[in-house]
>>> print(open('model39.cif').read())   # mmCIF, C-alpha atoms and all ligand atoms
data_query
#
loop_
_atom_site.label_atom_id
_atom_site.label_comp_id
_atom_site.auth_asym_id
_atom_site.auth_seq_id
_atom_site.Cartn_x
_atom_site.Cartn_y
_atom_site.Cartn_z
CA MET A 955 9.30 21.89 -1.03
CA ASN A 956 7.28 18.67 -0.80
CA ALA A 957 7.99 15.96 -3.35
CA VAL A 958 4.26 15.45 -3.84
CA SER A 959 1.40 17.57 -2.71
CA ALA A 960 -2.29 17.00 -3.44
CA ASN A 961 -5.18 19.17 -2.36
CA LEU A 962 -8.78 17.90 -2.35
CA ILE A 963 -8.48 15.69 -5.41
CA GLY A 964 -11.71 14.22 -6.77
CA LYS A 965 -12.18 11.85 -9.71
CA LYS A 966 -15.28 10.19 -11.18
CA TYR A 967 -15.59 7.39 -13.75
CA GLY A 968 -19.12 8.01 -15.05
CA LYS A 969 -21.23 7.93 -11.91
CA LEU A 970 -18.64 6.14 -9.80
CA GLN A 971 -16.80 8.45 -7.41
CA ALA A 972 -13.35 6.81 -7.47
CA LEU A 973 -11.66 9.51 -5.36
CA SER A 974 -13.00 12.31 -3.21
CA GLY A 975 -11.34 14.96 -1.08
CA ILE A 976 -7.87 13.40 -1.28
CA SER A 977 -5.12 15.58 0.22
CA LEU A 978 -1.59 14.40 0.90
CA GLU A 979 1.95 15.60 1.24
CA VAL A 980 5.03 13.50 0.66
CA GLY A 981 8.15 15.11 2.11
CA GLU A 982 11.46 14.97 0.27
CA GLY A 983 13.18 11.62 0.88
CA ASP A 984 10.10 10.16 2.58
CA ILE A 985 8.50 6.79 1.99
CA PHE A 986 4.74 7.40 1.97
CA GLY A 987 2.45 4.35 1.88
CA LEU A 988 -1.07 4.21 0.44
CA ILE A 989 -2.62 1.31 2.29
CA GLY A 990 -5.98 -0.02 1.14
CA PRO A 991 -7.95 -2.91 -0.32
CA ASP A 992 -8.93 -3.65 -3.95
CA GLY A 993 -10.86 -0.86 -5.61
CA ALA A 994 -9.95 1.72 -2.95
CA GLY A 995 -8.67 4.19 -5.57
CA LYS A 996 -4.89 3.72 -5.28
CA THR A 997 -4.18 3.31 -9.01
CA THR A 998 -6.45 6.23 -9.87
CA LEU A 999 -4.44 8.49 -7.58
CA PHE A 1000 -1.14 7.31 -9.11
CA ARG A 1001 -2.48 7.90 -12.62
CA ILE A 1002 -3.44 11.46 -11.71
CA LEU A 1003 -0.07 12.20 -10.09
CA ALA A 1004 1.79 10.59 -13.01
CA THR A 1005 -0.22 12.89 -15.36
CA LEU A 1006 -1.88 10.02 -17.23
CA ILE A 1007 -5.41 11.14 -16.36
CA LEU A 1008 -6.84 14.47 -15.22
CA PRO A 1009 -8.49 15.06 -11.85
CA ASP A 1010 -12.08 16.39 -11.90
CA GLU A 1011 -11.49 18.44 -8.78
CA GLY A 1012 -8.57 19.71 -6.74
CA THR A 1013 -4.94 20.41 -7.51
CA ALA A 1014 -1.73 18.46 -7.21
CA SER A 1015 1.95 19.00 -7.82
CA VAL A 1016 5.05 16.84 -8.05
CA CYS A 1017 8.43 18.49 -7.34
CA GLY A 1018 6.58 21.79 -7.54
CA PHE A 1019 5.18 21.07 -11.03
CA ASP A 1020 1.42 21.22 -11.49
CA VAL A 1021 -0.05 17.90 -12.72
CA VAL A 1022 -2.22 19.65 -15.29
CA LYS A 1023 -0.09 22.54 -16.55
CA ASP A 1024 3.43 21.15 -16.17
CA TYR A 1025 2.87 17.51 -17.09
CA ALA A 1026 5.90 17.34 -19.40
CA ASN A 1027 8.25 18.31 -16.56
CA ILE A 1028 6.65 15.81 -14.18
CA ARG A 1029 7.31 12.95 -16.58
CA LYS A 1030 11.04 13.77 -16.47
CA VAL A 1031 11.34 13.69 -12.68
CA VAL A 1032 9.04 10.76 -11.90
CA GLY A 1033 9.69 7.03 -12.15
CA TYR A 1034 6.39 5.12 -12.33
CA MET A 1035 6.10 1.40 -11.72
CA PRO A 1036 2.49 0.52 -12.54
CA GLY A 1037 1.01 -2.51 -10.81
CA ARG A 1038 0.64 -4.80 -13.79
CA PHE A 1039 1.93 -5.08 -17.33
CA SER A 1040 4.77 -2.60 -17.01
CA LEU A 1041 7.34 -4.83 -18.73
CA TYR A 1042 7.48 -6.09 -22.31
CA GLN A 1043 7.22 -9.84 -21.75
CA ASP A 1044 8.79 -10.76 -25.11
CA LEU A 1045 11.84 -8.55 -24.63
CA THR A 1046 14.81 -9.74 -22.59
CA VAL A 1047 15.85 -8.18 -19.29
CA LEU A 1048 18.49 -6.02 -20.98
CA GLU A 1049 16.21 -5.10 -23.89
CA ASN A 1050 13.53 -3.89 -21.47
CA LEU A 1051 16.00 -1.74 -19.59
CA THR A 1052 17.51 -0.38 -22.82
CA PHE A 1053 14.03 0.47 -24.10
CA PHE A 1054 13.06 2.41 -20.97
CA ALA A 1055 16.39 4.28 -21.07
CA SER A 1056 15.80 5.26 -24.69
CA VAL A 1057 12.32 6.61 -23.91
CA PHE A 1058 14.04 9.10 -21.63
CA HIS A 1059 16.81 9.85 -24.15
CA THR A 1060 19.51 8.18 -22.13
CA THR A 1061 21.38 4.86 -22.14
CA VAL A 1062 21.90 2.04 -19.67
CA GLU A 1063 25.66 2.76 -19.69
CA GLU A 1064 25.18 6.44 -18.91
CA ASN A 1065 22.94 5.86 -15.88
CA TYR A 1066 24.24 2.46 -14.82
CA ASP A 1067 25.15 3.72 -11.36
CA SER A 1068 21.57 4.60 -10.51
CA VAL A 1069 20.36 1.02 -11.05
CA LYS A 1070 23.57 -0.89 -10.32
CA ASP A 1071 22.67 -2.23 -6.83
CA ILE A 1072 19.42 -3.71 -8.02
CA TYR A 1073 20.39 -4.58 -11.60
CA GLN A 1074 23.38 -6.67 -10.50
CA GLN A 1075 20.96 -9.08 -8.84
CA ILE A 1076 19.26 -9.84 -12.18
CA GLU A 1077 22.23 -9.29 -14.52
CA PRO A 1078 23.00 -13.06 -14.69
CA PHE A 1079 19.61 -13.39 -16.43
CA LYS A 1080 20.00 -10.39 -18.73
CA ASN A 1081 19.29 -12.45 -21.85
CA ARG A 1082 16.15 -14.09 -20.43
CA ARG A 1083 12.76 -12.91 -21.65
CA ALA A 1084 10.95 -10.88 -19.00
CA GLY A 1085 7.96 -13.22 -19.32
CA ALA A 1086 10.12 -16.10 -18.10
CA LEU A 1087 11.31 -14.38 -14.90
CA SER A 1088 10.05 -15.17 -11.39
CA GLY A 1089 7.76 -12.65 -9.69
CA GLY A 1090 10.58 -11.31 -7.52
CA MET A 1091 12.94 -10.85 -10.49
CA LYS A 1092 10.23 -9.18 -12.58
CA GLN A 1093 9.71 -6.74 -9.77
CA LYS A 1094 13.44 -5.92 -9.59
CA LEU A 1095 13.56 -5.38 -13.35
CA ALA A 1096 10.46 -3.16 -13.23
CA LEU A 1097 12.10 -1.10 -10.48
CA CYS A 1098 15.29 -0.73 -12.58
CA CYS A 1099 13.18 0.41 -15.54
CA ALA A 1100 11.49 3.02 -13.34
CA LEU A 1101 14.90 4.24 -12.06
CA ILE A 1102 16.96 4.31 -15.26
CA HIS A 1103 16.33 8.00 -15.95
CA GLU A 1104 17.39 9.00 -12.41
CA PRO A 1105 14.01 10.26 -11.18
CA SER A 1106 13.76 12.14 -7.90
CA VAL A 1107 10.30 10.74 -7.13
CA LEU A 1108 9.15 7.14 -7.46
CA PHE A 1109 5.53 6.01 -7.78
CA LEU A 1110 5.23 2.30 -7.03
CA ASP A 1111 1.75 0.81 -7.44
CA GLU A 1112 1.46 -2.45 -5.48
CA PRO A 1113 5.05 -3.52 -6.21
CA THR A 1114 4.88 -6.47 -3.82
CA THR A 1115 1.49 -7.92 -4.75
CA GLY A 1116 1.83 -11.57 -5.72
CA VAL A 1117 5.50 -11.66 -4.75
CA ASP A 1118 6.90 -14.28 -2.34
CA PRO A 1119 7.61 -13.17 1.27
CA VAL A 1120 11.42 -13.24 0.91
CA SER A 1121 11.35 -11.07 -2.22
CA ARG A 1122 8.89 -8.74 -0.50
CA LYS A 1123 11.37 -8.23 2.32
CA GLU A 1124 14.26 -7.68 -0.10
CA PHE A 1125 12.16 -5.16 -2.00
CA TRP A 1126 11.57 -3.05 1.11
CA THR A 1127 15.31 -3.12 1.86
CA MET A 1128 15.90 -1.75 -1.66
CA LEU A 1129 13.37 1.03 -1.00
CA GLN A 1130 15.19 2.00 2.20
CA ARG A 1131 18.43 2.33 0.18
CA LEU A 1132 16.71 4.50 -2.43
CA LYS A 1133 15.38 6.68 0.37
CA GLN A 1134 18.93 7.09 1.68
CA ARG A 1135 19.87 8.39 -1.79
CA GLY A 1136 17.24 11.10 -1.27
CA ILE A 1137 14.60 9.64 -3.60
CA SER A 1138 11.02 10.31 -2.45
CA ILE A 1139 8.70 7.32 -2.70
CA LEU A 1140 4.92 6.99 -2.90
CA VAL A 1141 4.09 3.29 -2.68
CA SER A 1142 0.78 1.45 -2.47
CA THR A 1143 0.12 -1.91 -0.89
CA PRO A 1144 -2.79 -4.03 0.24
CA TYR A 1145 -0.49 -5.66 2.85
CA MET A 1146 -1.03 -3.95 6.17
CA ASP A 1147 2.20 -5.40 7.61
CA GLU A 1148 4.18 -3.28 5.15
CA ALA A 1149 2.73 -0.11 6.66
CA SER A 1150 5.29 -0.04 9.47
CA LEU A 1151 8.10 0.23 6.90
CA CYS A 1152 6.81 3.63 5.71
CA ASP A 1153 7.55 7.04 7.25
CA ARG A 1154 3.91 8.06 6.83
CA ILE A 1155 0.84 6.25 5.60
CA ALA A 1156 -2.67 7.02 4.40
CA LEU A 1157 -5.36 4.41 4.96
CA ILE A 1158 -7.61 4.55 1.88
CA GLN A 1159 -11.05 3.04 1.38
CA ASN A 1160 -13.77 3.78 -1.19
CA GLY A 1161 -11.83 6.71 -2.62
CA LYS A 1162 -11.36 8.47 0.72
CA PHE A 1163 -8.51 8.69 3.18
CA LEU A 1164 -9.64 7.36 6.56
CA LYS A 1165 -6.51 8.72 8.22
CA THR A 1166 -3.02 10.01 7.37
CA ASP A 1167 -0.18 9.89 9.88
CA THR A 1168 2.93 7.97 10.91
CA PRO A 1169 2.21 4.25 11.45
CA GLN A 1170 3.08 4.74 15.15
CA ASN A 1171 0.56 7.56 15.60
CA ILE A 1172 -2.14 5.63 13.77
CA ILE A 1173 -1.63 2.75 16.19
CA LYS A 1174 -1.64 5.16 19.16
CA GLY A 1175 -5.02 6.43 17.94
CA PHE A 1176 -6.66 3.01 18.45
CA ASP A 1177 -9.00 3.91 21.26
CA SER A 1178 -10.04 0.63 22.87
CA GLU A 1179 -8.48 -2.35 24.59
CA LEU A 1180 -7.89 -5.17 22.16
CA TRP A 1181 -8.17 -8.87 22.99
CA SER A 1182 -7.00 -11.96 21.18
CA VAL A 1183 -9.49 -14.79 21.73
CA ARG A 1184 -9.04 -18.44 20.86
CA SER A 1185 -10.74 -21.76 21.57
CA ASP A 1186 -10.87 -25.23 20.03
CA HIS A 1187 -13.73 -24.21 17.71
CA MET A 1188 -12.73 -21.00 16.02
CA SER A 1189 -15.65 -20.58 13.61
CA LYS A 1190 -18.30 -21.24 16.29
CA LEU A 1191 -16.27 -18.92 18.53
CA LEU A 1192 -16.59 -16.06 16.03
CA SER A 1193 -20.36 -16.41 15.76
CA ASP A 1194 -20.72 -16.76 19.55
CA LEU A 1195 -18.61 -13.64 20.08
CA ARG A 1196 -20.81 -11.73 17.64
CA LEU A 1197 -23.94 -12.83 19.51
CA ASN A 1198 -22.66 -11.35 22.76
CA GLU A 1199 -24.09 -7.87 23.34
CA GLY A 1200 -21.02 -6.82 25.29
CA VAL A 1201 -18.77 -7.41 22.28
CA SER A 1202 -18.22 -4.28 20.26
CA SER A 1203 -16.24 -5.81 17.40
CA SER A 1204 -14.72 -9.15 16.47
CA PHE A 1205 -12.95 -10.38 13.38
CA ALA A 1206 -10.74 -13.29 12.39
CA PHE A 1207 -7.06 -12.43 12.27
CA GLY A 1208 -4.56 -15.22 11.55
CA ASP A 1209 -5.03 -17.93 14.16
CA ALA A 1210 -7.01 -15.78 16.63
CA HIS A 1211 -10.04 -13.51 16.72
CA HIS A 1212 -9.43 -9.85 17.55
CA VAL A 1213 -12.10 -8.51 19.86
CA THR A 1214 -13.01 -5.20 21.47
CA LEU A 1215 -15.54 -4.98 24.30
CA LYS A 1216 -18.16 -2.38 25.16
CA ASN A 1217 -16.88 -0.32 28.07
CA GLY A 1218 -18.84 -0.94 31.25
CA LYS A 1219 -20.91 -3.71 29.62
CA CYS A 1220 -18.39 -6.52 29.45
CA ASN A 1221 -14.87 -7.29 30.61
CA SER A 1222 -12.53 -10.18 29.81
CA HIS A 1223 -13.74 -12.15 32.83
CA ASP A 1224 -17.39 -11.83 31.75
CA LEU A 1225 -16.35 -12.99 28.30
CA SER A 1226 -14.54 -16.01 29.69
CA VAL A 1227 -17.61 -17.00 31.77
CA TYR A 1228 -19.85 -16.54 28.70
CA LEU A 1229 -17.66 -18.77 26.51
CA ASP A 1230 -17.33 -21.45 29.21
CA GLY A 1231 -21.12 -21.46 29.46
CA LEU A 1232 -21.29 -22.20 25.73
CA LYS A 1233 -18.99 -25.22 26.25
CA HIS A 1234 -15.96 -23.76 24.49
CA THR A 1235 -12.78 -25.64 25.44
CA ASN A 1236 -9.23 -24.30 25.76
CA VAL A 1237 -10.45 -20.72 25.79
CA CYS A 1238 -7.56 -18.27 25.75
CA ILE A 1239 -8.17 -14.52 26.11
CA GLN A 1240 -5.14 -12.25 25.99
CA LYS A 1241 -4.77 -8.51 25.87
CA ILE A 1242 -2.75 -7.51 22.79
CA GLU A 1243 -1.39 -4.37 21.12
CA PRO A 1244 -3.26 -3.31 17.97
CA ASN A 1245 -1.58 -3.29 14.57
CA VAL A 1246 -2.34 -1.17 11.51
CA GLU A 1247 -4.93 -3.66 10.27
CA ASP A 1248 -6.85 -3.37 13.56
CA CYS A 1249 -6.80 0.41 13.12
CA PHE A 1250 -8.01 0.08 9.54
CA MET A 1251 -10.91 -2.11 10.66
CA GLN A 1252 -11.83 0.31 13.44
CA LEU A 1253 -11.61 3.40 11.23
CA SER A 1254 -13.49 1.81 8.35
CA GLY A 1255 -16.35 0.85 10.65
CA LYS A 1256 -16.23 -2.65 9.15
CA ASN A 1257 -15.88 -4.20 12.57
CA ILE A 1258 -19.05 -2.62 13.92
CA LEU A 1259 -21.66 -5.30 14.31
N1 LIG B 1301 -11.15 3.25 -16.27
C1 LIG B 1301 -12.11 3.01 -15.37
N2 LIG B 1301 -13.42 3.11 -15.70
C2 LIG B 1301 -14.40 2.89 -14.79
N3 LIG B 1301 -14.17 2.59 -13.49
C3 LIG B 1301 -12.90 2.47 -13.10
C4 LIG B 1301 -11.80 2.68 -14.01
N4 LIG B 1301 -10.65 2.50 -13.32
C5 LIG B 1301 -11.01 2.20 -12.06
N5 LIG B 1301 -12.34 2.18 -11.90
C6 LIG B 1301 -13.08 1.95 -10.65
O1 LIG B 1301 -12.68 2.97 -9.74
C7 LIG B 1301 -12.49 2.44 -8.42
C8 LIG B 1301 -11.05 2.66 -7.97
O2 LIG B 1301 -10.22 1.86 -8.79
P1 LIG B 1301 -8.63 1.84 -8.66
O3 LIG B 1301 -8.12 0.97 -9.76
O4 LIG B 1301 -8.13 3.21 -8.57
O5 LIG B 1301 -8.46 1.14 -7.24
P2 LIG B 1301 -7.19 0.37 -6.62
O6 LIG B 1301 -7.14 0.76 -5.19
O7 LIG B 1301 -6.01 0.59 -7.46
O8 LIG B 1301 -7.66 -1.14 -6.69
P3 LIG B 1301 -6.85 -2.49 -7.07
O9 LIG B 1301 -6.40 -3.05 -5.79
O10 LIG B 1301 -7.92 -3.32 -7.72
O11 LIG B 1301 -5.72 -2.16 -7.98
C9 LIG B 1301 -12.89 0.97 -8.51
O12 LIG B 1301 -14.23 0.86 -8.11
C10 LIG B 1301 -12.72 0.65 -9.97
O13 LIG B 1301 -13.59 -0.39 -10.36
MG MG B 1302 -4.69 -0.66 -8.41
#
>>> encode(input="model39.cif", output="structure tokens")
Amino acid sequence: MNAVSANLIGKKYGKLQALSGISLEVGEGDIFGLIGPDGAGKTTLFRILATLILPDEGTASVCGFDVVKDYANIRKVVGYMPGRFSLYQDLTVLENLTFFASVFHTTVEENYDSVKDIYQQIEPFKNRRAGALSGGMKQKLALCCALIHEPSVLFLDEPTTGVDPVSRKEFWTMLQRLKQRGISILVSTPYMDEASLCDRIALIQNGKFLKTDTPQNIIKGFDSELWSVRSDHMSKLLSDLRLNEGVSSSFAFGDAHHVTLKNGKCNSHDLSVYLDGLKHTNVCIQKIEPNVEDCFMQLSGKNIL
């Protein structure tokens, strides 16, 4: 049985179609990533699966329980870490954890083992108000609160947004350990570099899945050669690249521009000659392997000029 299964889910807010035709399956013990930008529909999907709002179309189940008919059972087996405002800022670390345990009719002592690994890292601050914790510590506390009733499925909505890079890394290590304990995880993130840490991902934009697969297969599906292009004048370079008819797509990525060329119309040598002709200096054109962000850009059609 899949931990989560959704079939053609649709949801509207007034006239706005927030989700349409969403289908997904999260296998038991899998880490499934929802990767997409602001407003893509990630939180809406979590709220439907966590039984907080109803879908307009489609069906979904969590641990075999239907999100509409069996909502009470779902709440027992799911741990939900909403993106923002999940903690009570005026309560201390321990008071927050105690509160979440009591909601599920249990105690911190009774289920200590299920949060121990993570809780020990913040236990020295157990009497500090949650509002006074760093982003990384808040995130650990929120994860403990979502785990205290020993759920078999975790829903984590943008758990690493606004968290420093070291804490982000630590967080993903914690998720791997939870996976080893057999917990199934649906996690959303706007950070494309976190995609490779998931077993399977769905790229989501404007309420639709562009593609669902393993990160490796998504990268394999990138169907053009990709070039990294640099020169001494990066902003002029981007506009010059976009003026070239042989360039199929180009966008800024870190300290280089990622470029694909129209087959048969332009090759890297032609591009080099073109840029030299426009007086670009220190031009460097290198063939590179695509990453998930390149795939997202290609699939979303955003890179089409
Ligand atoms: N309660 C609501 N009423 C009206 N529109 C809403 C409501 N909640 C979300 N929306 C809209 O639905 C779309 C999807 O929003 P959602 O919050 O699900 O996206 P998201 O991927 O979680 O984005 P974010 O990165 O901002 O958290 C957005 O256009 C959003 O403005
Ligand atoms: Mg959201």
>>> residues_near_ligand(input="model39.cif", ligand="ligand MG 1302 (chain B)", cutoff="12 Å", atoms="all atoms listed in the file", output="PDB file with C-alpha atoms, in the coordinates of the input")
ATOM      1  CA  ALA A 972     -13.350   6.810  -7.470  1.00  0.00           C
ATOM      2  CA  LEU A 988      -1.070   4.210   0.440  1.00  0.00           C
ATOM      3  CA  ILE A 989      -2.620   1.310   2.290  1.00  0.00           C
ATOM      4  CA  GLY A 990      -5.980  -0.020   1.140  1.00  0.00           C
ATOM      5  CA  PRO A 991      -7.950  -2.910  -0.320  1.00  0.00           C
ATOM      6  CA  ASP A 992      -8.930  -3.650  -3.950  1.00  0.00           C
ATOM      7  CA  GLY A 993     -10.860  -0.860  -5.610  1.00  0.00           C
ATOM      8  CA  ALA A 994      -9.950   1.720  -2.950  1.00  0.00           C
ATOM      9  CA  GLY A 995      -8.670   4.190  -5.570  1.00  0.00           C
ATOM     10  CA  LYS A 996      -4.890   3.720  -5.280  1.00  0.00           C
ATOM     11  CA  THR A 997      -4.180   3.310  -9.010  1.00  0.00           C
ATOM     12  CA  THR A 998      -6.450   6.230  -9.870  1.00  0.00           C
ATOM     13  CA  LEU A 999      -4.440   8.490  -7.580  1.00  0.00           C
ATOM     14  CA  PHE A1000      -1.140   7.310  -9.110  1.00  0.00           C
ATOM     15  CA  ARG A1001      -2.480   7.900 -12.620  1.00  0.00           C
ATOM     16  CA  MET A1035       6.100   1.400 -11.720  1.00  0.00           C
ATOM     17  CA  PRO A1036       2.490   0.520 -12.540  1.00  0.00           C
ATOM     18  CA  GLY A1037       1.010  -2.510 -10.810  1.00  0.00           C
ATOM     19  CA  ARG A1038       0.640  -4.800 -13.790  1.00  0.00           C
ATOM     20  CA  PHE A1039       1.930  -5.080 -17.330  1.00  0.00           C
ATOM     21  CA  LEU A1110       5.230   2.300  -7.030  1.00  0.00           C
ATOM     22  CA  ASP A1111       1.750   0.810  -7.440  1.00  0.00           C
ATOM     23  CA  GLU A1112       1.460  -2.450  -5.480  1.00  0.00           C
ATOM     24  CA  PRO A1113       5.050  -3.520  -6.210  1.00  0.00           C
ATOM     25  CA  THR A1115       1.490  -7.920  -4.750  1.00  0.00           C
ATOM     26  CA  VAL A1141       4.090   3.290  -2.680  1.00  0.00           C
ATOM     27  CA  SER A1142       0.780   1.450  -2.470  1.00  0.00           C
ATOM     28  CA  THR A1143       0.120  -1.910  -0.890  1.00  0.00           C
ATOM     29  CA  PRO A1144      -2.790  -4.030   0.240  1.00  0.00           C
ATOM     30  CA  ILE A1158      -7.610   4.550   1.880  1.00  0.00           C
ATOM     31  CA  GLY A1161     -11.830   6.710  -2.620  1.00  0.00           C
TER      32      GLY A1161
END
>>> residues_near_point(input="model39.cif", point="(11.2, -3.6, 4.0)", cutoff="10 Å", atoms="only C-alpha atoms", output="ChimeraX atom specification")
/A:1121-1130,1147-1152
>>> write_last_selection(input="model39.cif", atoms="C-alpha atoms", output="short mmCIF file (atom, residue, chain, number, x, y, z; two decimals), in the frame of the given file")
data_model
loop_
_atom_site.label_atom_id
_atom_site.label_comp_id
_atom_site.auth_asym_id
_atom_site.auth_seq_id
_atom_site.Cartn_x
_atom_site.Cartn_y
_atom_site.Cartn_z
CA SER A 1121 11.35 -11.07 -2.22
CA ARG A 1122 8.89 -8.74 -0.50
CA LYS A 1123 11.37 -8.23 2.32
CA GLU A 1124 14.26 -7.68 -0.10
CA PHE A 1125 12.16 -5.16 -2.00
CA TRP A 1126 11.57 -3.05 1.11
CA THR A 1127 15.31 -3.12 1.86
CA MET A 1128 15.90 -1.75 -1.66
CA LEU A 1129 13.37 1.03 -1.00
CA GLN A 1130 15.19 2.00 2.20
CA ASP A 1147 2.20 -5.40 7.61
CA GLU A 1148 4.18 -3.28 5.15
CA ALA A 1149 2.73 -0.11 6.66
CA SER A 1150 5.29 -0.04 9.47
CA LEU A 1151 8.10 0.23 6.90
CA CYS A 1152 6.81 3.63 5.71
#
>>> residues_around(input="model39.cif", residues="region 1083-1091 of chain A", least_positions_apart="6", cutoff="10 Å", atoms="only C-alpha atoms", output="PDB file with C-alpha atoms, in the coordinates of the input")
ATOM      1  CA  LEU A1041       7.340  -4.830 -18.730  1.00  0.00           C
ATOM      2  CA  TYR A1042       7.480  -6.090 -22.310  1.00  0.00           C
ATOM      3  CA  GLN A1043       7.220  -9.840 -21.750  1.00  0.00           C
ATOM      4  CA  ASP A1044       8.790 -10.760 -25.110  1.00  0.00           C
ATOM      5  CA  LEU A1045      11.840  -8.550 -24.630  1.00  0.00           C
ATOM      6  CA  THR A1046      14.810  -9.740 -22.590  1.00  0.00           C
ATOM      7  CA  VAL A1047      15.850  -8.180 -19.290  1.00  0.00           C
ATOM      8  CA  LEU A1048      18.490  -6.020 -20.980  1.00  0.00           C
ATOM      9  CA  GLU A1049      16.210  -5.100 -23.890  1.00  0.00           C
ATOM     10  CA  ASN A1050      13.530  -3.890 -21.470  1.00  0.00           C
ATOM     11  CA  ILE A1072      19.420  -3.710  -8.020  1.00  0.00           C
ATOM     12  CA  TYR A1073      20.390  -4.580 -11.600  1.00  0.00           C
ATOM     13  CA  GLN A1075      20.960  -9.080  -8.840  1.00  0.00           C
ATOM     14  CA  ILE A1076      19.260  -9.840 -12.180  1.00  0.00           C
ATOM     15  CA  LEU A1097      12.100  -1.100 -10.480  1.00  0.00           C
ATOM     16  CA  PRO A1113       5.050  -3.520  -6.210  1.00  0.00           C
ATOM     17  CA  THR A1114       4.880  -6.470  -3.820  1.00  0.00           C
ATOM     18  CA  THR A1115       1.490  -7.920  -4.750  1.00  0.00           C
ATOM     19  CA  GLY A1116       1.830 -11.570  -5.720  1.00  0.00           C
ATOM     20  CA  VAL A1117       5.500 -11.660  -4.750  1.00  0.00           C
ATOM     21  CA  ASP A1118       6.900 -14.280  -2.340  1.00  0.00           C
ATOM     22  CA  PRO A1119       7.610 -13.170   1.270  1.00  0.00           C
ATOM     23  CA  VAL A1120      11.420 -13.240   0.910  1.00  0.00           C
ATOM     24  CA  SER A1121      11.350 -11.070  -2.220  1.00  0.00           C
ATOM     25  CA  ARG A1122       8.890  -8.740  -0.500  1.00  0.00           C
ATOM     26  CA  GLU A1124      14.260  -7.680  -0.100  1.00  0.00           C
ATOM     27  CA  PHE A1125      12.160  -5.160  -2.000  1.00  0.00           C
TER      28      PHE A1125
END
>>> closest_residue(input="model39.cif", among="A:Lys1233, A:Lys1092, A:His1103, A:Arg1196", to="His1212 (chain A)", atoms="all atoms listed in the file")
A:Arg1196
>>> residues_around(input="model39.cif", residues="Phe1163 (chain A)", least_positions_apart="3", cutoff="9 Å", atoms="all atoms listed in the file", output="short mmCIF file (atom, residue, chain, number, x, y, z; two decimals) with C-alpha atoms, in the frame of the given file")
data_model
loop_
_atom_site.label_atom_id
_atom_site.label_comp_id
_atom_site.auth_asym_id
_atom_site.auth_seq_id
_atom_site.Cartn_x
_atom_site.Cartn_y
_atom_site.Cartn_z
CA SER A 974 -13.00 12.31 -3.21
CA GLY A 975 -11.34 14.96 -1.08
CA ILE A 976 -7.87 13.40 -1.28
CA SER A 977 -5.12 15.58 0.22
CA ALA A 1156 -2.67 7.02 4.40
CA LEU A 1157 -5.36 4.41 4.96
CA ILE A 1158 -7.61 4.55 1.88
CA GLN A 1159 -11.05 3.04 1.38
CA ASN A 1160 -13.77 3.78 -1.19
CA THR A 1166 -3.02 10.01 7.37
#
>>> axis_aligned_box(input="model39.cif", around="ligand LIG 1301 (chain B)", padding_each_side="6 Å", output="lines of an AutoDock Vina configuration file")
center_x = -10.1
center_y = 0.0
center_z = -10.7
size_x = 20.7
size_y = 18.6
size_z = 23.1
>>> closest_residue(input="model39.cif", among="A:Arg1184, A:Arg1154, A:Lys1162, A:Lys1219", to="ligand LIG 1301 (chain B)", atoms="only C-alpha atoms and all ligand atoms")
A:Lys1162
>>> atom_distance(input="model39.cif", atom1="CA of Ala1014 (chain A)", atom2="CA of Ser1106 (chain A)")
16.7 Å
>>> residues_around(input="model39.cif", residues="Asp1010 (chain A)", least_positions_apart="6", cutoff="10 Å", atoms="all atoms listed in the file", output="list in words")
Ile963, Gly964, Lys965, Lys966, Tyr967, Leu973, Ser974 and Ile1002 of chain A
>>> closest_residue(input="model39.cif", among="A:Asp1067, A:Asp1177, A:Asp984, A:Glu1247", to="Lys1133 (chain A)", atoms="all atoms listed in the file")
A:Asp984
>>> closest_residue(input="model39.cif", among="A:Glu1199, A:Leu1051, A:Glu1064, A:Val1022", to="Pro1009 (chain A)", atoms="only C-alpha atoms")
A:Val1022
>>> atom_distance(input="model39.cif", atom1="CA of Asn1221 (chain A)", atom2="CA of Gly1200 (chain A)")
8.1 Å
>>> atom_distance(input="model39.cif", atom1="CA of Gly983 (chain A)", atom2="CA of Gln1134 (chain A)")
7.4 Å
>>> residues_around(input="model39.cif", residues="Phe1250 (chain A)", least_positions_apart="2", cutoff="10 Å", atoms="all atoms listed in the file", output="list of chain:residue names")
A:Ile989, A:Gly990, A:Met1146, A:Leu1157, A:Ile1158, A:Gln1159, A:Leu1164, A:Lys1165, A:Ile1172, A:Ile1173, A:Phe1176, A:Asn1245, A:Val1246, A:Glu1247, A:Asp1248, A:Gln1252, A:Leu1253, A:Ser1254, A:Gly1255, A:Lys1256, A:Asn1257
>>> write_last_selection(input="model39.cif", atoms="C-alpha atoms", output="short mmCIF file (atom, residue, chain, number, x, y, z; two decimals), in the coordinates of the input")
data_model
loop_
_atom_site.label_atom_id
_atom_site.label_comp_id
_atom_site.auth_asym_id
_atom_site.auth_seq_id
_atom_site.Cartn_x
_atom_site.Cartn_y
_atom_site.Cartn_z
CA ILE A 989 -2.62 1.31 2.29
CA GLY A 990 -5.98 -0.02 1.14
CA MET A 1146 -1.03 -3.95 6.17
CA LEU A 1157 -5.36 4.41 4.96
CA ILE A 1158 -7.61 4.55 1.88
CA GLN A 1159 -11.05 3.04 1.38
CA LEU A 1164 -9.64 7.36 6.56
CA LYS A 1165 -6.51 8.72 8.22
CA ILE A 1172 -2.14 5.63 13.77
CA ILE A 1173 -1.63 2.75 16.19
CA PHE A 1176 -6.66 3.01 18.45
CA ASN A 1245 -1.58 -3.29 14.57
CA VAL A 1246 -2.34 -1.17 11.51
CA GLU A 1247 -4.93 -3.66 10.27
CA ASP A 1248 -6.85 -3.37 13.56
CA GLN A 1252 -11.83 0.31 13.44
CA LEU A 1253 -11.61 3.40 11.23
CA SER A 1254 -13.49 1.81 8.35
CA GLY A 1255 -16.35 0.85 10.65
CA LYS A 1256 -16.23 -2.65 9.15
CA ASN A 1257 -15.88 -4.20 12.57
#
